[in-house]
Amino acid sequence: MSRRSFMISTGALVAGATVLPISELRPPMARADASWLADAVLYQIYPQTYADTDGTGVGDLQGIIDHLDHLQWLGITAVWMNPIFPSPLTDAGYDVSDYVGVHERYGTQDDVARLTEEARKRGIRILFDLVAGHTSDQHPWFLNSLQDFSDDRFIWASPDQFPDGDLPENFVASPGPREGAFLKNFYDTQPAINYGYARMNPDEPWRQPVDAEGPKRNREAMREIMDHWLKLGISGFRCDMAGSLIKDDPDLVETGKLWGEMAAWLDENHPDAVLVSEWGDPKVAVPAGFDGDFFFQTGEAWRSLWQDNPYFGADGTGTAKIFIDAWREAEDAIGRPGGVILPSANHDTALRLNNGVRTPEEIPTAYAFWLTWPIVPLIYYGEEIGMRLVDGLPDVEGSNGRQNNRTPMQWNDGPNAGFSTAPAESLYLPQDPDPNRPNVEAQRDDPGSLLNLVQRLIALRQANPELGTAADVQVFHDGYPLTYLRGDRFLVTVNPSRDAVTVAVPDERLANATAVEDSGVTINGQDITVPAFGYAVLDLR
């Protein structure tokens, strides 16, 4: 179950008042100082399974520090890390019990400072996960609210507000001594922080407006938390469940105002920092105050590429038009480059490219598109070597079926693939049991490997503004092969299908084009024939 599939509002909808479009809440160009995101290549690290240096079987901050050279060589410019805060780990750290601490299994705040310092030396920024919507039920805020009946930091319904004894939807009975029930966000151990409701409803008397004292106090607390980490060298935040903080906000106007307020505070206090949202709709999220938003697995644009009769599928029955139309709509709404972030996979329910259906030979074609389209790419750890989805793994820390994307990083062909010196049975999750599993060390030594292709494509992108987010794109064909021109210079053609295909390109420069990356395409006049799972990046100058 995806965290984002959880219903983010409660109660029946009531007639709403006239609202302003979110695009009017904050000028899209307001955060010019944070423009570095537009040229970034992002990389997501799941700390538990990236690199273990102390033999516990769980990854740690030192392990990330030790592999910064790999990320620098690859061309990564920013890393988003899943939560490393103290937590009872009922949801793998998304149940935070201390927002300004570090769980002892990962290290210390001094390690965070060293990580940010060493990363910056290599041109890499670090983004933390801001879990602003809920805490753990072990967080001091929540424990205090159990004792103080006037504490409105969370959303509480008292027994007289549900007199028939039936708990309201998504409420959890109080563990005491406070009577009543609290609203959860996902698991029962994750009480929703109170940012207020966009609309009042007499049938739900526990609702508070967004300007009540509790919601105002919580917004201030989140600014203090961000300030703490930014002063330690963090460069910004990926904001968990960003579109769900304010409840019953169907037009997301009040939610947009909240994040616009956060962005304005950053502009004044940390102008180089960025906010990236788990919202799933860049055309709404970026004008609301974020610097970037993901096309995520809950949306049609993402699924049309990677999952539901995907364009990147051997059958050749998908279409790239769904994605292209969604991307153009988002870019038009945002009004500047770099606001649309595209992952292939993540720690949640976005399956790896090597998903058991798609084969390793199909993956290079996906990268040829992914790293030449005008979006900000997000590479999930291990995707650069084609790590595979592994089914049948045990549930760990509330993974609830999502553990198939979280196996340990594969660094070499040694014990535990170089992830840890712990006994195999002590690892956070078992390694991929495939004896032919890919690893970084072997692929570094193979010029024809996926890893070296990814590295070359990133370097090409970073060396040529024509392949960045600011340059234009002209699509010649959105079927098979997807064929487009970047910056009036680079012609890209990709064929994810198992059959060779031909496309006509009306550009006289094609005859003298130089192949920058080429898997075996042939050019005959203005016709390009692309082999099965083939691709090319051609320089027309």
# chains A, B, ... in the order shown; residues from 1 in each chain; ligands from 1
call {"tool": "residues_around", "arguments": {"residues": "region 347-355 of chain A", "least_positions_apart": "6", "cutoff": "7 Å", "atoms": "only C-alpha atoms", "output": "ChimeraX atom specification"}}
result
/A:2,297,363,386-389,402,405-406
call {"tool": "write_last_selection", "arguments": {"atoms": "N, CA, C and O atoms", "output": "short mmCIF file (atom, residue, chain, number, x, y, z; two decimals), in the first residue's frame"}}
result
data_model
loop_
_atom_site.label_atom_id
_atom_site.label_comp_id
_atom_site.auth_asym_id
_atom_site.auth_seq_id
_atom_site.Cartn_x
_atom_site.Cartn_y
_atom_site.Cartn_z
N SER A 2 0.62 2.14 -0.89
CA SER A 2 1.40 3.36 -0.97
C SER A 2 0.99 4.32 0.14
O SER A 2 -0.19 4.44 0.47
N GLN A 297 4.26 7.53 -8.69
CA GLN A 297 3.65 6.28 -9.14
C GLN A 297 2.14 6.26 -9.04
O GLN A 297 1.49 5.38 -9.61
N ILE A 363 16.84 -1.88 -20.20
CA ILE A 363 17.03 -0.73 -19.32
C ILE A 363 17.85 0.39 -19.94
O ILE A 363 17.54 1.58 -19.73
N GLY A 386 21.18 -1.55 -12.41
CA GLY A 386 20.08 -2.44 -12.79
C GLY A 386 19.71 -3.44 -11.72
O GLY A 386 19.29 -4.56 -12.03
N MET A 387 19.82 -3.05 -10.44
CA MET A 387 19.35 -3.94 -9.37
C MET A 387 17.90 -4.32 -9.61
O MET A 387 17.12 -3.53 -10.13
N ARG A 388 17.54 -5.53 -9.21
CA ARG A 388 16.22 -6.04 -9.55
C ARG A 388 15.27 -6.03 -8.35
O ARG A 388 15.70 -6.02 -7.19
N LEU A 389 14.02 -6.05 -8.65
CA LEU A 389 12.97 -6.26 -7.66
C LEU A 389 13.09 -7.69 -7.13
O LEU A 389 13.28 -8.62 -7.90
N ARG A 402 6.44 -3.47 0.67
CA ARG A 402 7.30 -2.55 -0.08
C ARG A 402 8.78 -2.91 0.02
O ARG A 402 9.64 -2.23 -0.57
N ASN A 405 11.72 -3.45 -2.94
CA ASN A 405 12.54 -2.38 -3.53
C ASN A 405 13.67 -1.94 -2.61
O ASN A 405 14.36 -0.97 -2.93
N ARG A 406 13.89 -2.64 -1.49
CA ARG A 406 14.77 -2.11 -0.46
C ARG A 406 15.95 -3.03 -0.14
O ARG A 406 16.56 -2.91 0.92
#
call {"tool": "residues_around", "arguments": {"residues": "Tyr46 (chain A)", "least_positions_apart": "6", "cutoff": "9 Å", "atoms": "only C-alpha atoms", "output": "list in words"}}
result
Gly59, Trp80, Met81, Asn82, Pro83, Asn346, His347, Tyr380, Tyr381 and Arg406 of chain A
call {"tool": "closest_residue", "arguments": {"among": "A:Ala264, A:Met241, A:Ala459, A:Leu450", "to": "Ile385 (chain A)", "atoms": "only C-alpha atoms"}}
result
A:Leu450
call {"tool": "select_by_dssp", "arguments": {"residues": "region 11-231 of chain A", "states": "alpha helix (DSSP H)", "output": "PyMOL selection string"}}
result
chain A and resi 61-66+68-74+109-121+140-147+213-231
call {"tool": "residues_around", "arguments": {"residues": "Gly299 (chain A)", "least_positions_apart": "3", "cutoff": "8 Å", "atoms": "only C-alpha atoms", "output": "list of chain:residue names"}}
result
A:Gly280, A:Asp281, A:Phe295, A:Phe296, A:Trp302, A:Arg303
call {"tool": "residues_around", "arguments": {"residues": "Ile334 (chain A)", "least_positions_apart": "3", "cutoff": "8 Å", "atoms": "only C-alpha atoms", "output": "ChimeraX atom specification"}}
result
/A:28,282-283,286-287,330-331,337,339
call {"tool": "residues_around", "arguments": {"residues": "Ala51 (chain A)", "least_positions_apart": "5", "cutoff": "9 Å", "atoms": "only C-alpha atoms", "output": "list in words"}}
result
Gly57, Val58, Gly59, Asp60, Leu61, Gln62, Gly63, Ile64, Asp66, His67, Pro408, Met409, Trp411, Gly418, Phe419 and Ser420 of chain A
call {"tool": "residues_around", "arguments": {"residues": "Asp507 (chain A)", "least_positions_apart": "4", "cutoff": "12 Å", "atoms": "only C-alpha atoms", "output": "count of residues only"}}
result
17
call {"tool": "closest_residue", "arguments": {"among": "A:Asp499, A:Glu329, A:Glu466, A:Asp188", "to": "Pro175 (chain A)", "atoms": "only C-alpha atoms"}}
result
A:Asp188
call {"tool": "residues_around", "arguments": {"residues": "Glu179 (chain A)", "least_positions_apart": "2", "cutoff": "12 Å", "atoms": "only C-alpha atoms", "output": "list of chain:residue names"}}
result
A:Ser145, A:Leu146, A:Gln147, A:Asp148, A:Phe149, A:Ser150, A:Trp156, A:Ala157, A:Ser158, A:Pro159, A:Asp160, A:Gln161, A:Phe162, A:Val172, A:Ala173, A:Ser174, A:Pro175, A:Gly176, A:Pro177, A:Ala181, A:Phe182
call {"tool": "write_last_selection", "arguments": {"atoms": "C-alpha atoms", "output": "PDB file, in the first residue's frame"}}
result
ATOM      1  CA  SER A 145      -1.043  15.503  24.456  1.00  0.00           C
ATOM      2  CA  LEU A 146      -2.103  12.287  26.214  1.00  0.00           C
ATOM      3  CA  GLN A 147      -1.664  14.059  29.542  1.00  0.00           C
ATOM      4  CA  ASP A 148      -2.818  17.571  28.663  1.00  0.00           C
ATOM      5  CA  PHE A 149      -6.455  17.630  27.528  1.00  0.00           C
ATOM      6  CA  SER A 150      -6.025  21.198  26.276  1.00  0.00           C
ATOM      7  CA  TRP A 156      -8.480  14.818  18.928  1.00  0.00           C
ATOM      8  CA  ALA A 157     -12.150  13.916  19.122  1.00  0.00           C
ATOM      9  CA  SER A 158     -13.570  13.739  22.617  1.00  0.00           C
ATOM     10  CA  PRO A 159     -16.144  11.060  23.547  1.00  0.00           C
ATOM     11  CA  ASP A 160     -19.009  13.556  23.498  1.00  0.00           C
ATOM     12  CA  GLN A 161     -18.187  14.292  19.837  1.00  0.00           C
ATOM     13  CA  PHE A 162     -18.975  10.692  18.812  1.00  0.00           C
ATOM     14  CA  VAL A 172      -7.634   5.612  16.769  1.00  0.00           C
ATOM     15  CA  ALA A 173      -8.814   5.097  20.342  1.00  0.00           C
ATOM     16  CA  SER A 174      -6.679   6.926  22.878  1.00  0.00           C
ATOM     17  CA  PRO A 175      -4.192   4.729  24.758  1.00  0.00           C
ATOM     18  CA  GLY A 176      -4.974   6.989  27.773  1.00  0.00           C
ATOM     19  CA  PRO A 177      -5.214   8.802  30.039  1.00  0.00           C
ATOM     20  CA  ALA A 181      -9.538   9.283  19.857  1.00  0.00           C
ATOM     21  CA  PHE A 182      -6.907  10.821  17.614  1.00  0.00           C
TER      22      PHE A 182
END
call {"tool": "atom_distance", "arguments": {"atom1": "CA of Arg114 (chain A)", "atom2": "CA of Gly292 (chain A)"}}
result
26.4 Å
call {"tool": "closest_residue", "arguments": {"among": "A:Gly398, A:Phe369, A:Ala38, A:Asn269", "to": "Pro88 (chain A)", "atoms": "only C-alpha atoms"}}
result
A:Gly398
